[in-house]
Structure formats: C-alpha cells, structure tokens
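Report on the following structure.
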Amino acid sequence: MVILDGKKISNQIKDEIAAEVKEMKSNGEKVPHLAAVLVGEDGASLTYVGSKVRACERIGFESTLVKLPDTTTEDELLAKIADLNADDDIDGFIVQLPLPKHIDEQKVLLAVDPDKDVDGFHPANFGKMALEMQTFIPATPFGIMELLKRYEVETSGKHAVVIGRSHIVGRPISILLSTKDKVGNATVTLTHSRTKDLEAFTKDADIIISALGVPNFLKADMVKDGVVVVDVGITRVPDETAKRGYRIVGDVDFENVSKKASYITPVPGGVGPMTIAMLLKNTLLARQRGMAKKA
Ligand code: NAD
C-alpha cells in the first residue's frame with residue numbers, strides 16, 4: 001500500500017511555484033497577486049483564508065485579505081468584486097464560501113471576472129472544464145488529479161466511483177476523471193445521497209473519491225482489494241485531548257481500508273494541502289495568462 005502523500009507533493013508544487021516567482025522577480029516582472037474576500041467571522045473560513053494568505057507569502061506572491069463584516073449587503077459585496085475585477089494589480093481572487101444567508105451566492109460567483117476566477121467556480125470556467133478547454137479547475141479536484149498524476153496512478157479504463165455531487169468537489173472530479181486527459185479516461189459513476197445500494201458501486205470500484213463529509217463512512221467491507229482511495233472529507237470532531245479541542249476526521253475508516261488499498265490518502269495530510277497548492281498554481285496561471293494577453 002502506498003500513501004498518497006499530499007503534504008509532500010504540495011510542498012514540491014509550492015517549491016516549483018516559488019522558483020518561478022523568483023525568476024519573475026529577477027526578470028523585473030510583477031509577481032502574482034492573490035486577493036481573498038472574507039465576509040463574516042465563520043471560524044473554519046477564517047482558518048482557511050488565513051492559511052491561503054500565509055501560503056502566498058511563503059512562496060513570494062503578493063496577497064490581499066479583504067475582510068468585510070457579516071452585515072455587508074449584497075450590493076456592497078458586488079461593488080467590492082467590481083473593484084477587484086478592475087484592479088490591474090490583482091491577478092486572481094477568491095470569495096470564501098459560505099456567504100451569510102442574506103447574500104445570493106450564485107449572483108456573487110457570476111460577478112467574478114472569469115479571467116480572475118482562480119477558484120474556477122464561474123459557470124464559464126466550469127463549462128470550459130467540461131469541454132476540456134483551457135480554464136481554471138477548482139482547486140480541490142485539481143489537487144486530486146495532480147496527486148494521481150504524480151504517483152502515476154493508472155486511471156484509464158478503470159471504474160472510478162465518486163461519492164458526493166457538490167459543485168466544488170464531487171461533480172467536477174467526476175467530469176475530470178472522464179476526460180481524455182492522461183489522468184482521465186476512467187468510467188465514472190457519480191453517487192450521492194439518493195443512490196440506491198451504494199455498496200454495490202463501491203465494491204466494484206477501482207478508484208473511490210469520497211467527498212461527502214461523514215466521518216468513517218467508507219468501511220473495509222465496502223471496497224475490493226487493490227482499490228485506490230482518495231478521502232476528501234474534513235469533519236471537525238470534538239476531542240478534549242487535542243490542543244484545539246477537536247480533531248480532523250476523513251470519510252474513510254483509514255485503519256482498515258488501508259489494509260486493502262493499493263493507494264490511499266491520509267486525513268489530514270492528503271487532499272487538504274493539495275487544495276491550497278493548486279489555488280496558488282491557478283494564481284500563477286492567472287498571472288501568466290494575463291501577461292500573455294497583454295503581450
Ligand atoms: P457537500 O457537503 O456540499 O455535499 C455532500 C455530498 O455528499 C452531497 O452531494 C450528498 O448528496 C452526498 N451525500 C451525503 N450523504 C450521503 C450518503 N449517505 N451517501 C452518498 N452520498 C451522500 O460536499 P462538499 O462541499 O464537497 O464537502 C464534502 C466533504 O469534503 C466535507 O467534509 C468538506 O469539509 C470536505 N472538503 C474538503 C476539501 C479539501 O480541501 N480537502 C475541500 C472541499 C470540501
């Protein structure tokens with residue numbers, strides 16, 4: 001069994017990006033600049049945005065954190081997005097989700113300039129992804145694809161079963177695994193909460209991508225020997241012995257499933273760190289594509 005070590009691979013990717021930034025700097029070019037918009041005080045969102053901003057600083061990007069109170073109106077947020085769209089210094093930006101209930105998430109995502117949409121959530125970018133055109137791929141599925149690529153996991157002709165159909169993980173990874181790309185050409189089954197007899201699918205799967213957010217959902221008796229397992233789930237489970245009062249648990253019963261798996265991601269240290277690395281990668285791509293457009 002091989003551990004798909006997202007921490008190690010994400011560090012490699014960050015080193016590669018840092019080297020490119022260094023070269024940009026030595027050529028006198030502007031370095032990539034990522035902005036993150038955070039509305040409100042949600043604890044998990046604060047942690048996520050904080051780690052994205054810190055990651056930018058570590059690899060030499062410029063970063064801007066736009067922190068807005070949870071009383072911000074939809075119009076105020078849309079005006080901020082218009083500012084970021086028009087700001088030539090910002091190469092890419094993200095609006096951290098979830099947004100407060102009084103703001104229409106779809107309206108906000110539609111307002112982001114697709115050329116600066118480094119989260120890849122704009123319908124124009126999502127459509128391009130489905131049509132295998134150049135785009136920004138959402139960071140989590142992009143990270144999963146990169147992890148499979150760097151470990152040379154064979155996907156062609158394999159049966160991949162995705163659990164969960166969210167717009168940010170399940171749906172896009174199901175599309176990516178079926179593309180004609182090198183890491184692709186899989187026969188994909190997208191399962192969800194209304195799927196009948198999920199076990200019948202997981203037992204037949206060569207590759208399982210689990211993205212539902214239910215701790216220890218995928219058990220050893222639900223998978224076959226040699227399966228490749230990618231655990232996207234992140235659930236905070238209260239734990240008094242932990243420093244923060246909780247620990248992070250994935251969707252997969254790692255201890256037992258790993259005994260049958262050929263490759264498996266740990267939680268933490270699997271998909272999570274890859275997500276941040278690929279957001280940085282998308283920001284670098286935004287910078288490079290922006291420069292190419294101006295040239
Ligand atoms: P979500 O929470 O929006 O939706 C969950 C999905 O799981 C739904 O499509 C639902 O149909 C499906 N589902 C629920 N119960 C099911 C069941 N019993 N059987 C089959 N399917 C079922 O999904 P999300 O936003 O993709 O998040 C999923 C998990 O991934 C969460 O734990 C989240 O924290 C985590 N996540 C991790 C990263 C990362 O970087 N590692 C990124 C995004 C999300």
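Going by the structure tokens order, chains are called A, B, ..., each with residues numbered from 1, while ligands are numbered from 1 in the order shown.
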Which neighbours of A:Val31 fall inside 7 Å, counting only C-alpha atoms, when residues of the same chain fewer than 5 positions from it are skipped, and could you give them as a VMD selection string?
chain A and resid 21 24 to 25 61 to 62
Same residues, all heavy atoms, saved as an mmCIF file, in the first residue's frame:
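File out_28.cif, as written:
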```cif
data_model
loop_
_atom_site.group_PDB
_atom_site.id
_atom_site.type_symbol
_atom_site.label_atom_id
_atom_site.label_comp_id
_atom_site.auth_asym_id
_atom_site.auth_seq_id
_atom_site.Cartn_x
_atom_site.Cartn_y
_atom_site.Cartn_z
ATOM 1 N N VAL A 21 8.451 32.202 -9.309
ATOM 2 C CA VAL A 21 8.267 33.572 -8.805
ATOM 3 C C VAL A 21 9.627 34.267 -8.700
ATOM 4 O O VAL A 21 9.773 35.437 -9.064
ATOM 5 C CB VAL A 21 7.565 33.558 -7.427
ATOM 6 C CG1 VAL A 21 7.522 34.952 -6.829
ATOM 7 C CG2 VAL A 21 6.154 33.021 -7.553
ATOM 8 N N MET A 24 10.624 35.325 -12.046
ATOM 9 C CA MET A 24 9.834 36.505 -12.464
ATOM 10 C C MET A 24 10.439 37.765 -11.855
ATOM 11 O O MET A 24 10.608 38.777 -12.526
ATOM 12 C CB MET A 24 8.385 36.379 -11.963
ATOM 13 C CG MET A 24 7.533 35.431 -12.741
ATOM 14 S SD MET A 24 5.892 35.267 -11.957
ATOM 15 C CE MET A 24 4.880 35.132 -13.410
ATOM 16 N N LYS A 25 10.764 37.649 -10.558
ATOM 17 C CA LYS A 25 11.334 38.795 -9.836
ATOM 18 C C LYS A 25 12.654 39.212 -10.455
ATOM 19 O O LYS A 25 12.903 40.401 -10.687
ATOM 20 C CB LYS A 25 11.578 38.411 -8.363
ATOM 21 C CG LYS A 25 10.475 38.867 -7.445
ATOM 22 C CD LYS A 25 10.890 38.626 -6.004
ATOM 23 C CE LYS A 25 9.761 38.921 -5.058
ATOM 24 N NZ LYS A 25 9.920 38.262 -3.774
ATOM 25 N N PHE A 61 4.349 35.331 -3.379
ATOM 26 C CA PHE A 61 3.248 36.069 -4.004
ATOM 27 C C PHE A 61 2.927 37.296 -3.175
ATOM 28 O O PHE A 61 3.221 37.348 -1.981
ATOM 29 C CB PHE A 61 1.957 35.223 -4.008
ATOM 30 C CG PHE A 61 1.874 34.157 -5.057
ATOM 31 C CD1 PHE A 61 2.948 33.831 -5.863
ATOM 32 C CD2 PHE A 61 0.688 33.457 -5.241
ATOM 33 C CE1 PHE A 61 2.855 32.832 -6.815
ATOM 34 C CE2 PHE A 61 0.575 32.450 -6.192
ATOM 35 C CZ PHE A 61 1.657 32.137 -6.973
ATOM 36 N N GLU A 62 2.247 38.233 -3.813
ATOM 37 C CA GLU A 62 1.599 39.292 -3.028
ATOM 38 C C GLU A 62 0.213 38.790 -2.657
ATOM 39 O O GLU A 62 -0.392 38.016 -3.412
ATOM 40 C CB GLU A 62 1.444 40.537 -3.882
ATOM 41 C CG GLU A 62 2.647 41.456 -3.854
ATOM 42 C CD GLU A 62 2.320 42.724 -4.604
ATOM 43 O OE1 GLU A 62 1.555 43.540 -4.071
ATOM 44 O OE2 GLU A 62 2.818 42.840 -5.723
#
```
Write down as a ChimeraX atom specification the residues of stretch 166-225 of chain A whose backbone DSSP state falls under alpha helix (DSSP H). /A:170-178,198-204
I need the residues from that last selection saved to file as a PDB file, in the first residue's frame (with N, CA and C atoms), if you can.
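Written out: part15.pdb:
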```
ATOM      1  N   GLY A 170     -17.322  16.847  -5.861  1.00  0.00           N
ATOM      2  CA  GLY A 170     -17.842  15.625  -6.498  1.00  0.00           C
ATOM      3  C   GLY A 170     -18.128  15.782  -7.979  1.00  0.00           C
ATOM      4  N   ARG A 171     -18.936  16.823  -8.325  1.00  0.00           N
ATOM      5  CA  ARG A 171     -19.304  16.993  -9.734  1.00  0.00           C
ATOM      6  C   ARG A 171     -18.066  17.246 -10.599  1.00  0.00           C
ATOM      7  N   PRO A 172     -17.205  18.227 -10.246  1.00  0.00           N
ATOM      8  CA  PRO A 172     -16.049  18.461 -11.131  1.00  0.00           C
ATOM      9  C   PRO A 172     -15.088  17.269 -11.221  1.00  0.00           C
ATOM     10  N   ILE A 173     -14.838  16.566 -10.122  1.00  0.00           N
ATOM     11  CA  ILE A 173     -13.873  15.445 -10.229  1.00  0.00           C
ATOM     12  C   ILE A 173     -14.474  14.333 -11.099  1.00  0.00           C
ATOM     13  N   SER A 174     -15.806  14.189 -11.077  1.00  0.00           N
ATOM     14  CA  SER A 174     -16.421  13.156 -11.929  1.00  0.00           C
ATOM     15  C   SER A 174     -16.221  13.506 -13.410  1.00  0.00           C
ATOM     16  N   ILE A 175     -16.265  14.804 -13.705  1.00  0.00           N
ATOM     17  CA  ILE A 175     -16.042  15.245 -15.097  1.00  0.00           C
ATOM     18  C   ILE A 175     -14.573  15.036 -15.484  1.00  0.00           C
ATOM     19  N   LEU A 176     -13.668  15.476 -14.589  1.00  0.00           N
ATOM     20  CA  LEU A 176     -12.230  15.415 -14.910  1.00  0.00           C
ATOM     21  C   LEU A 176     -11.762  13.977 -15.136  1.00  0.00           C
ATOM     22  N   LEU A 177     -12.243  13.049 -14.307  1.00  0.00           N
ATOM     23  CA  LEU A 177     -11.785  11.661 -14.437  1.00  0.00           C
ATOM     24  C   LEU A 177     -12.273  11.013 -15.732  1.00  0.00           C
ATOM     25  N   SER A 178     -13.299  11.610 -16.338  1.00  0.00           N
ATOM     26  CA  SER A 178     -13.815  11.025 -17.583  1.00  0.00           C
ATOM     27  C   SER A 178     -13.264  11.713 -18.828  1.00  0.00           C
ATOM     28  N   LEU A 198     -25.383   1.850  -2.517  1.00  0.00           N
ATOM     29  CA  LEU A 198     -24.074   2.464  -2.780  1.00  0.00           C
ATOM     30  C   LEU A 198     -22.944   1.422  -2.739  1.00  0.00           C
ATOM     31  N   GLU A 199     -23.082   0.478  -1.807  1.00  0.00           N
ATOM     32  CA  GLU A 199     -22.044  -0.549  -1.644  1.00  0.00           C
ATOM     33  C   GLU A 199     -21.781  -1.345  -2.912  1.00  0.00           C
ATOM     34  N   ALA A 200     -22.841  -1.576  -3.678  1.00  0.00           N
ATOM     35  CA  ALA A 200     -22.673  -2.338  -4.923  1.00  0.00           C
ATOM     36  C   ALA A 200     -21.697  -1.609  -5.839  1.00  0.00           C
ATOM     37  N   PHE A 201     -21.747  -0.274  -5.803  1.00  0.00           N
ATOM     38  CA  PHE A 201     -20.837   0.522  -6.647  1.00  0.00           C
ATOM     39  C   PHE A 201     -19.430   0.564  -6.046  1.00  0.00           C
ATOM     40  N   THR A 202     -19.346   0.824  -4.755  1.00  0.00           N
ATOM     41  CA  THR A 202     -18.009   0.959  -4.155  1.00  0.00           C
ATOM     42  C   THR A 202     -17.250  -0.372  -4.200  1.00  0.00           C
ATOM     43  N   LYS A 203     -17.973  -1.489  -4.069  1.00  0.00           N
ATOM     44  CA  LYS A 203     -17.310  -2.810  -4.110  1.00  0.00           C
ATOM     45  C   LYS A 203     -16.745  -3.117  -5.489  1.00  0.00           C
ATOM     46  N   ASP A 204     -17.325  -2.485  -6.503  1.00  0.00           N
ATOM     47  CA  ASP A 204     -16.863  -2.730  -7.874  1.00  0.00           C
ATOM     48  C   ASP A 204     -15.785  -1.724  -8.290  1.00  0.00           C
TER      49      ASP A 204
END
```
- Task: Return the single residue from A:Leu284, A:Leu212, A:Ile9, A:Ala220 that is closest to A:Lys260, with distances computed using only C-alpha atoms.
- Result: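 Using only C-alpha atoms, the shortest distance to A:Lys260 belongs to A:Ala220.
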So how many Å separate atom CA of A:Gly213 and atom CA of A:Thr195, to one decimal?
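These two atoms are separated by 16.0 Å.
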- [ ] Throw together the list of residues within 9 Å of ligand 1, counting only C-alpha atoms and all ligand atoms, and drop it here as a ChimeraX atom specification.
- [x] /A:139-141,143,162-171,191-196,198,210-215,217,231-236,249-251,267-268,270-276
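Distances to A:Phe136 were evaluated for A:Lys281, A:Ser45, A:Gly269, A:Ala295 using only C-alpha atoms, and the minimum falls at A:Lys281.
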Non-local contacts of stretch 147-157 of chain A (8 Å; only C-alpha atoms; under 2 positions in same chain excluded) as a PDB file with N, CA and C atoms, in the first residue's frame:
```pdb
ATOM      1  N   LEU A   4      -0.717   8.240  -0.572  1.00  0.00           N
ATOM      2  CA  LEU A   4      -0.692   9.404  -1.474  1.00  0.00           C
ATOM      3  C   LEU A   4      -0.462  10.620  -0.580  1.00  0.00           C
ATOM      4  N   GLY A   6      -0.123  13.977   0.284  1.00  0.00           N
ATOM      5  CA  GLY A   6      -0.469  15.316  -0.209  1.00  0.00           C
ATOM      6  C   GLY A   6       0.413  16.396   0.377  1.00  0.00           C
ATOM      7  N   ILE A   9       3.744  16.207  -1.710  1.00  0.00           N
ATOM      8  CA  ILE A   9       3.567  16.671  -3.100  1.00  0.00           C
ATOM      9  C   ILE A   9       3.211  18.160  -3.132  1.00  0.00           C
ATOM     10  N   GLY A 143      -6.287  19.363  -7.345  1.00  0.00           N
ATOM     11  CA  GLY A 143      -5.301  18.748  -6.444  1.00  0.00           C
ATOM     12  C   GLY A 143      -5.364  17.229  -6.480  1.00  0.00           C
ATOM     13  N   ILE A 144      -6.570  16.689  -6.557  1.00  0.00           N
ATOM     14  CA  ILE A 144      -6.724  15.223  -6.624  1.00  0.00           C
ATOM     15  C   ILE A 144      -6.095  14.705  -7.925  1.00  0.00           C
ATOM     16  N   MET A 145      -6.381  15.392  -9.029  1.00  0.00           N
ATOM     17  CA  MET A 145      -5.833  14.966 -10.328  1.00  0.00           C
ATOM     18  C   MET A 145      -4.300  15.022 -10.311  1.00  0.00           C
ATOM     19  N   HIS A 159     -12.753   1.794 -13.295  1.00  0.00           N
ATOM     20  CA  HIS A 159     -14.061   2.240 -12.810  1.00  0.00           C
ATOM     21  C   HIS A 159     -13.838   3.139 -11.589  1.00  0.00           C
ATOM     22  N   ALA A 160     -14.139   4.430 -11.761  1.00  0.00           N
ATOM     23  CA  ALA A 160     -13.988   5.384 -10.655  1.00  0.00           C
ATOM     24  C   ALA A 160     -15.365   5.694 -10.079  1.00  0.00           C
ATOM     25  N   LEU A 177     -12.243  13.049 -14.307  1.00  0.00           N
ATOM     26  CA  LEU A 177     -11.785  11.661 -14.437  1.00  0.00           C
ATOM     27  C   LEU A 177     -12.273  11.013 -15.732  1.00  0.00           C
ATOM     28  N   LYS A 182      -4.464  12.452 -19.724  1.00  0.00           N
ATOM     29  CA  LYS A 182      -3.674  11.289 -19.295  1.00  0.00           C
ATOM     30  C   LYS A 182      -4.224  10.727 -17.978  1.00  0.00           C
ATOM     31  N   VAL A 183      -4.428  11.636 -17.005  1.00  0.00           N
ATOM     32  CA  VAL A 183      -5.147  11.191 -15.809  1.00  0.00           C
ATOM     33  C   VAL A 183      -6.618  11.426 -16.137  1.00  0.00           C
ATOM     34  N   GLY A 184      -7.282  10.428 -16.594  1.00  0.00           N
ATOM     35  CA  GLY A 184      -8.655  10.537 -17.074  1.00  0.00           C
ATOM     36  C   GLY A 184      -9.017   9.217 -17.713  1.00  0.00           C
ATOM     37  N   ASN A 185      -9.908   9.278 -18.715  1.00  0.00           N
ATOM     38  CA  ASN A 185     -10.311   8.063 -19.427  1.00  0.00           C
ATOM     39  C   ASN A 185     -10.878   6.977 -18.517  1.00  0.00           C
ATOM     40  N   ALA A 186     -11.361   7.410 -17.351  1.00  0.00           N
ATOM     41  CA  ALA A 186     -11.984   6.434 -16.451  1.00  0.00           C
ATOM     42  C   ALA A 186     -13.471   6.329 -16.799  1.00  0.00           C
ATOM     43  N   THR A 187     -14.069   5.228 -16.378  1.00  0.00           N
ATOM     44  CA  THR A 187     -15.521   5.084 -16.467  1.00  0.00           C
ATOM     45  C   THR A 187     -16.042   5.506 -15.103  1.00  0.00           C
ATOM     46  N   ILE A 207     -11.251   2.834  -8.275  1.00  0.00           N
ATOM     47  CA  ILE A 207     -10.855   4.105  -7.656  1.00  0.00           C
ATOM     48  C   ILE A 207     -12.088   4.676  -6.947  1.00  0.00           C
ATOM     49  N   MET A 274      -3.115  19.765  -0.797  1.00  0.00           N
ATOM     50  CA  MET A 274      -3.099  19.882  -2.265  1.00  0.00           C
ATOM     51  C   MET A 274      -4.008  21.013  -2.736  1.00  0.00           C
TER      52      MET A 274
END
```
Top pick for closest residue to A:Glu74, considering A:Lys52, A:Phe93, A:Leu109, A:Ala36 and counting only C-alpha atoms: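 Among the listed residues, A:Leu109 lies closest to A:Glu74.
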Taking 6 positions as the minimum chain separation for residues in the same chain, which residues sit within 10 Å of A:Leu68 when counting only C-alpha atoms? Answer as a list of chain:residue names.
A:Val37, A:Leu38, A:Val39, A:Gly40, A:Glu41, A:Glu76, A:Leu77, A:Lys80
With C-alpha atoms kept, could you save the residues just selected as a compact mmCIF listing (two decimals), in the first residue's frame?
```txt
# COMPACT_ATOMS: atom_id res chain seq x y z
CA VAL A 37 -12.60 38.18 0.24
CA LEU A 38 -13.98 37.03 3.56
CA VAL A 39 -17.43 38.10 4.73
CA GLY A 40 -18.19 37.49 8.41
CA GLU A 41 -16.43 35.68 11.22
CA GLU A 76 -21.65 46.24 -1.19
CA LEU A 77 -20.05 42.87 -1.86
CA LYS A 80 -16.08 45.17 -3.96
```
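The space separating atom CA of A:Asp206 from atom CA of A:Asp5 comes to 19.2 Å.
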